[in-house]
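Below is final-v7.pdb, which holds PDB, C-alpha atoms and all ligand atoms.
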ATOM      1  CA  MET A   6     272.732-109.248  79.607
ATOM      2  CA  ALA A   7     269.617-111.398  79.953
ATOM      3  CA  VAL A   8     266.684-109.986  81.887
ATOM      4  CA  GLN A   9     266.406-111.724  85.260
ATOM      5  CA  PRO A  10     263.219-113.672  86.082
ATOM      6  CA  TYR A  11     260.807-112.037  88.521
ATOM      7  CA  ASP A  12     261.898-112.546  92.143
ATOM      8  CA  PRO A  13     258.806-113.394  94.230
ATOM      9  CA  GLU A  14     260.768-112.647  97.429
ATOM     10  CA  ASN A  15     261.178-108.935  96.646
ATOM     11  CA  ILE A  16     259.791-106.621  99.318
ATOM     12  CA  PHE A  17     256.859-105.348  97.265
ATOM     13  CA  ALA A  18     255.768-108.914  96.511
ATOM     14  CA  LYS A  19     255.772-109.477 100.284
ATOM     15  CA  ILE A  20     253.646-106.347 100.767
ATOM     16  CA  LEU A  21     251.206-107.606  98.118
ATOM     17  CA  ARG A  22     250.929-110.955  99.922
ATOM     18  CA  GLY A  23     250.293-109.142 103.215
ATOM     19  CA  GLU A  24     253.483-110.522 104.765
ATOM     20  CA  ILE A  25     254.712-107.045 105.705
ATOM     21  CA  PRO A  26     252.639-103.904 106.290
ATOM     22  CA  CYS A  27     252.460-100.755 104.212
ATOM     23  CA  GLY A  28     250.886 -97.326 104.517
ATOM     24  CA  LYS A  29     248.231 -97.912 101.900
ATOM     25  CA  VAL A  30     246.843 -94.922 100.046
ATOM     26  CA  TYR A  31     244.982 -96.688  97.208
ATOM     27  CA  GLU A  32     243.958-100.175  96.107
ATOM     28  CA  ASP A  33     241.860-101.710  93.362
ATOM     29  CA  ASP A  34     241.754-105.091  91.603
ATOM     30  CA  HIS A  35     245.029-104.471  89.752
ATOM     31  CA  VAL A  36     246.895-101.773  91.664
ATOM     32  CA  LEU A  37     248.253-101.003  95.140
ATOM     33  CA  ALA A  38     249.769 -97.688  96.234
ATOM     34  CA  PHE A  39     251.479 -96.904  99.530
ATOM     35  CA  ASN A  40     253.708 -94.306 101.130
ATOM     36  CA  ASP A  41     257.433 -94.670 100.530
ATOM     37  CA  ILE A  42     259.171 -95.710 103.743
ATOM     38  CA  ASN A  43     261.945 -93.151 103.117
ATOM     39  CA  PRO A  44     260.104 -90.149 101.643
ATOM     40  CA  GLN A  45     262.077 -87.683  99.541
ATOM     41  CA  ALA A  46     259.352 -85.005  99.627
ATOM     42  CA  PRO A  47     256.135 -84.266 101.564
ATOM     43  CA  THR A  48     254.273 -86.531  99.134
ATOM     44  CA  HIS A  49     256.113 -89.693  98.109
ATOM     45  CA  VAL A  50     253.907 -92.578  97.094
ATOM     46  CA  LEU A  51     254.763 -95.788  95.258
ATOM     47  CA  VAL A  52     252.235 -97.190  92.800
ATOM     48  CA  ILE A  53     252.621-100.855  91.862
ATOM     49  CA  PRO A  54     250.687-103.326  89.734
ATOM     50  CA  LYS A  55     249.498-106.415  91.600
ATOM     51  CA  GLY A  56     250.862-108.637  88.823
ATOM     52  CA  ALA A  57     254.422-109.968  88.869
ATOM     53  CA  TYR A  58     256.175-107.448  86.615
ATOM     54  CA  ALA A  59     259.681-106.213  87.318
ATOM     55  CA  SER A  60     259.741-103.240  84.952
ATOM     56  CA  PHE A  61     257.631-100.910  82.880
ATOM     57  CA  ASP A  62     258.887-102.416  79.620
ATOM     58  CA  GLU A  63     257.890-105.895  80.805
ATOM     59  CA  PHE A  64     254.532-104.626  82.079
ATOM     60  CA  SER A  65     253.701-102.855  78.812
ATOM     61  CA  ALA A  66     254.571-105.996  76.825
ATOM     62  CA  LYS A  67     252.886-108.643  78.987
ATOM     63  CA  ALA A  68     250.111-107.075  81.078
ATOM     64  CA  SER A  69     246.481-107.181  80.010
ATOM     65  CA  ASP A  70     244.747-104.069  78.736
ATOM     66  CA  ALA A  71     242.738-104.011  81.972
ATOM     67  CA  GLU A  72     245.919-103.982  84.086
ATOM     68  CA  ILE A  73     247.521-101.254  81.982
ATOM     69  CA  VAL A  74     244.427 -99.076  82.033
ATOM     70  CA  ALA A  75     243.987 -99.556  85.780
ATOM     71  CA  PHE A  76     247.615 -98.685  86.485
ATOM     72  CA  ASN A  77     247.585 -95.509  84.402
ATOM     73  CA  ARG A  78     244.253 -94.364  85.783
ATOM     74  CA  ALA A  79     245.418 -95.038  89.334
ATOM     75  CA  VAL A  80     248.590 -92.946  88.979
ATOM     76  CA  GLY A  81     246.585 -89.933  87.834
ATOM     77  CA  LYS A  82     243.832 -90.431  90.399
ATOM     78  CA  ILE A  83     246.316 -90.696  93.267
ATOM     79  CA  ALA A  84     248.096 -87.513  92.139
ATOM     80  CA  ARG A  85     244.755 -85.697  92.117
ATOM     81  CA  ASP A  86     243.575 -87.203  95.408
ATOM     82  CA  LEU A  87     246.842 -86.296  97.166
ATOM     83  CA  ASN A  88     246.479 -82.715  95.926
ATOM     84  CA  VAL A  89     249.762 -82.577  94.054
ATOM     85  CA  ALA A  90     248.260 -82.362  90.567
ATOM     86  CA  GLU A  91     247.650 -78.637  90.568
ATOM     87  CA  ASP A  92     251.106 -77.501  91.712
ATOM     88  CA  GLY A  93     252.908 -80.348  89.985
ATOM     89  CA  TYR A  94     254.803 -83.499  90.795
ATOM     90  CA  ARG A  95     257.276 -85.960  89.332
ATOM     91  CA  LEU A  96     256.818 -89.563  88.212
ATOM     92  CA  ILE A  97     259.890 -91.785  88.376
ATOM     93  CA  ALA A  98     260.256 -95.447  87.408
ATOM     94  CA  ASN A  99     263.841 -96.468  88.080
ATOM     95  CA  THR A 100     264.578 -99.509  85.952
ATOM     96  CA  ARG A 101     267.226-102.218  86.411
ATOM     97  CA  GLN A 102     270.919-101.588  86.828
ATOM     98  CA  ASN A 103     271.467 -98.349  84.936
ATOM     99  CA  GLY A 104     268.236 -96.917  86.313
ATOM    100  CA  ARG A 105     269.300 -97.853  89.854
ATOM    101  CA  GLN A 106     266.184 -99.853  90.624
ATOM    102  CA  ASP A 107     266.425-101.274  94.142
ATOM    103  CA  VAL A 108     263.182-103.233  94.325
ATOM    104  CA  PRO A 109     262.607-105.472  91.292
ATOM    105  CA  HIS A 110     258.824-105.038  91.111
ATOM    106  CA  LEU A 111     257.542-102.268  88.836
ATOM    107  CA  HIS A 112     256.798 -99.136  90.819
ATOM    108  CA  VAL A 113     256.172 -95.549  89.878
ATOM    109  CA  HIS A 114     257.208 -92.969  92.450
ATOM    110  CA  ILE A 115     254.810 -90.016  92.736
ATOM    111  CA  ILE A 116     256.843 -87.245  94.322
ATOM    112  CA  GLY A 117     255.520 -83.790  95.112
ATOM    113  CA  GLY A 118     254.389 -81.320  97.719
ATOM    114  CA  LYS A 119     257.374 -79.020  97.277
ATOM    115  CA  MET A 120     259.512 -77.529  94.516
ATOM    116  CA  LEU A 121     261.739 -80.396  93.427
ATOM    117  CA  GLY A 122     265.376 -80.270  92.430
ATOM    118  CA  LEU A 123     266.759 -80.896  88.980
ATOM    119  CA  MET A 124     265.594 -84.091  87.332
ATOM    120  CA  LEU A 125     269.138 -85.508  87.316
ATOM    121  CA  PRO A 126     272.071 -84.291  89.420
ATOM    122  CA  LYS A 127     275.030 -83.006  87.456
ATOM    123  CA  GLU A 128     277.727 -85.663  87.456
TER     124      GLU A 128
HETATM  125  P1  LIG A 201     263.780 -97.841  93.633
HETATM  126  O1  LIG A 201     265.193 -97.429  93.926
HETATM  127  O2  LIG A 201     263.141 -97.042  92.542
HETATM  128  O3  LIG A 201     263.665 -99.342  93.412
HETATM  129  O4  LIG A 201     262.952 -97.454  94.915
HETATM  130  C1  LIG A 201     262.578 -98.343  95.918
HETATM  131  C2  LIG A 201     261.838 -97.527  96.942
HETATM  132  O5  LIG A 201     261.168 -98.401  97.797
HETATM  133  C3  LIG A 201     262.712 -96.610  97.798
HETATM  134  O6  LIG A 201     262.276 -95.259  97.649
HETATM  135  C4  LIG A 201     262.475 -97.144  99.219
HETATM  136  O7  LIG A 201     262.456 -96.113 100.182
HETATM  137  C5  LIG A 201     261.129 -97.824  99.065
HETATM  138  N1  LIG A 201     260.864 -98.894 100.011
HETATM  139  C6  LIG A 201     261.661 -99.934 100.323
HETATM  140  N2  LIG A 201     261.054-100.752 101.214
HETATM  141  C7  LIG A 201     259.838-100.207 101.450
HETATM  142  C8  LIG A 201     258.748-100.583 102.277
HETATM  143  N3  LIG A 201     258.772-101.689 103.042
HETATM  144  N4  LIG A 201     257.647 -99.793 102.285
HETATM  145  C9  LIG A 201     257.617 -98.672 101.542
HETATM  146  N5  LIG A 201     258.604 -98.274 100.727
HETATM  147  C10 LIG A 201     259.716 -99.030 100.686
END

I'd like the structure from this file rewritten - as structure tokens, please.
Amino acid sequence: MAVQPYDPENIFAKILRGEIPCGKVYEDDHVLAFNDINPQAPTHVLVIPKGAYASFDEFSAKASDAEIVAFNRAVGKIARDLNVAEDGYRLIANTRQNGRQDVPHLHVHIIGGKMLGLMLPKE
């Protein structure tokens, strides 16, 4: 199946354009991070690149070195700043259909603040 083109009407694109609000926790030239609207743990933050990338594979292939460095540094900085680094946390990037991605703009979930369940539920 062909990869779909980026949808500029996805909700994170609207957040980036300032059309809808978010609970911002971090921003730089290339990255925005905000609290998930439906948190699954005491800390649940979404980190997104400002560029129009739907997935990590697309981002890693097409983004500039500066964007990739900024994104990776931001994820680690946010984990430290939110005080989940020491006790531990989980990074999740659901991707497309099999990964059950709901919003088609690359986002990494930073989830922590409590002991998490198994990585994947038993089917
Ligand atoms: P995913 O299934 O990985 O695409 O996750 C999408 C995430 O975006 C879910 O955890 C939602 O709760 C979250 N979400 C959807 N709309 C918003 C919003 N307006 N602000 C913050 N988080 C949102």

What does the PyMOL selection byres (((chain A and resi 104-107) around 12) and not hetatm) select in this file, as a VMD selection string?
-> chain A and resid 15 to 17 59 to 61 97 to 103 108 to 114 125

Skipping near chain neighbours, those fewer than 6 positions away, what residues fall within 12 Å of Pro47 in chain A using all atoms listed in the file, listed as a VMD selection string?
-> chain A and resid 40 to 41 87 to 89 94 115 to 121

With only C-alpha atoms as the atoms that count, which of A:Asp70, A:Thr48, A:Lys29, A:Glu128 lies nearest to Gly93 in chain A?
->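 Of A:Asp70, A:Thr48, A:Lys29, A:Glu128, the one nearest Gly93 in chain A is A:Thr48, counting only C-alpha atoms.
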
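For the choices A:Arg22, A:Lys82, A:Lys55, A:His49, the atom-to-atom distance to Asp34 in chain A is smallest for A:Lys55 when using only C-alpha atoms.
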
Point-to-point distance from CA of Leu51 in chain A to CA of Ala38 in chain A, Å rounded to tenths =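 So the two atoms, CA of Leu51 in chain A and CA of Ala38 in chain A, lie 5.4 Å apart.
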
Kindly give the distance, in Å, that separates atom N2 of ligand LIG 201 (chain A) and CA of Ala66 in chain A, rounded to a single decimal.
-> 25.8 Å

Spatial neighbours of Pro54 in chain A, max dist 8 Å, all atoms listed in the file, sep filter under 4 positions, as a list of chain:residue names | A:His35, A:Val36, A:Leu37, A:Tyr58, A:Glu72, A:Phe76, A:Leu111, A:His112

From A:Phe39, A:Leu21, A:Asp12, A:Ser69, residue lying nearest ligand LIG 201 (chain A) [only C-alpha atoms and all ligand atoms] =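 Of all the options, A:Phe39 lies closest to ligand LIG 201 (chain A).
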
Option closest in space to Asp62 in chain A, from A:Leu123, A:Val74, A:Val8, A:Ala84 [counting all atoms listed in the file] | A:Val8

How many Å separate atom C6 of ligand LIG 201 (chain A) from CA of Val80 in chain A?
->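 Pair atom C6 of ligand LIG 201 (chain A) / CA of Val80 in chain A returns 18.7 Å.
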
Residue nearest ligand LIG 201 (chain A) among A:Val50, A:Ala90, A:Val30, A:Ala79 (counting only C-alpha atoms and all ligand atoms) =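 Among the listed residues, the smallest separation from ligand LIG 201 (chain A) belongs to A:Val50.
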
Give the padded box for ligand LIG 201 (chain A) as JSON: axis-aligned, covering all atoms listed in the file, 6 Å on each side, centre and edge lengths in Å to one decimal.
{"center_x": 261.4, "center_y": -98.5, "center_z": 97.8, "size_x": 19.6, "size_y": 18.4, "size_z": 22.5}

When distances are computed from all atoms listed in the file, which of A:Glu91, A:Asp86, A:Leu96, A:Ala57 shows the smallest separation from ligand LIG 201 (chain A)?
-> A:Leu96
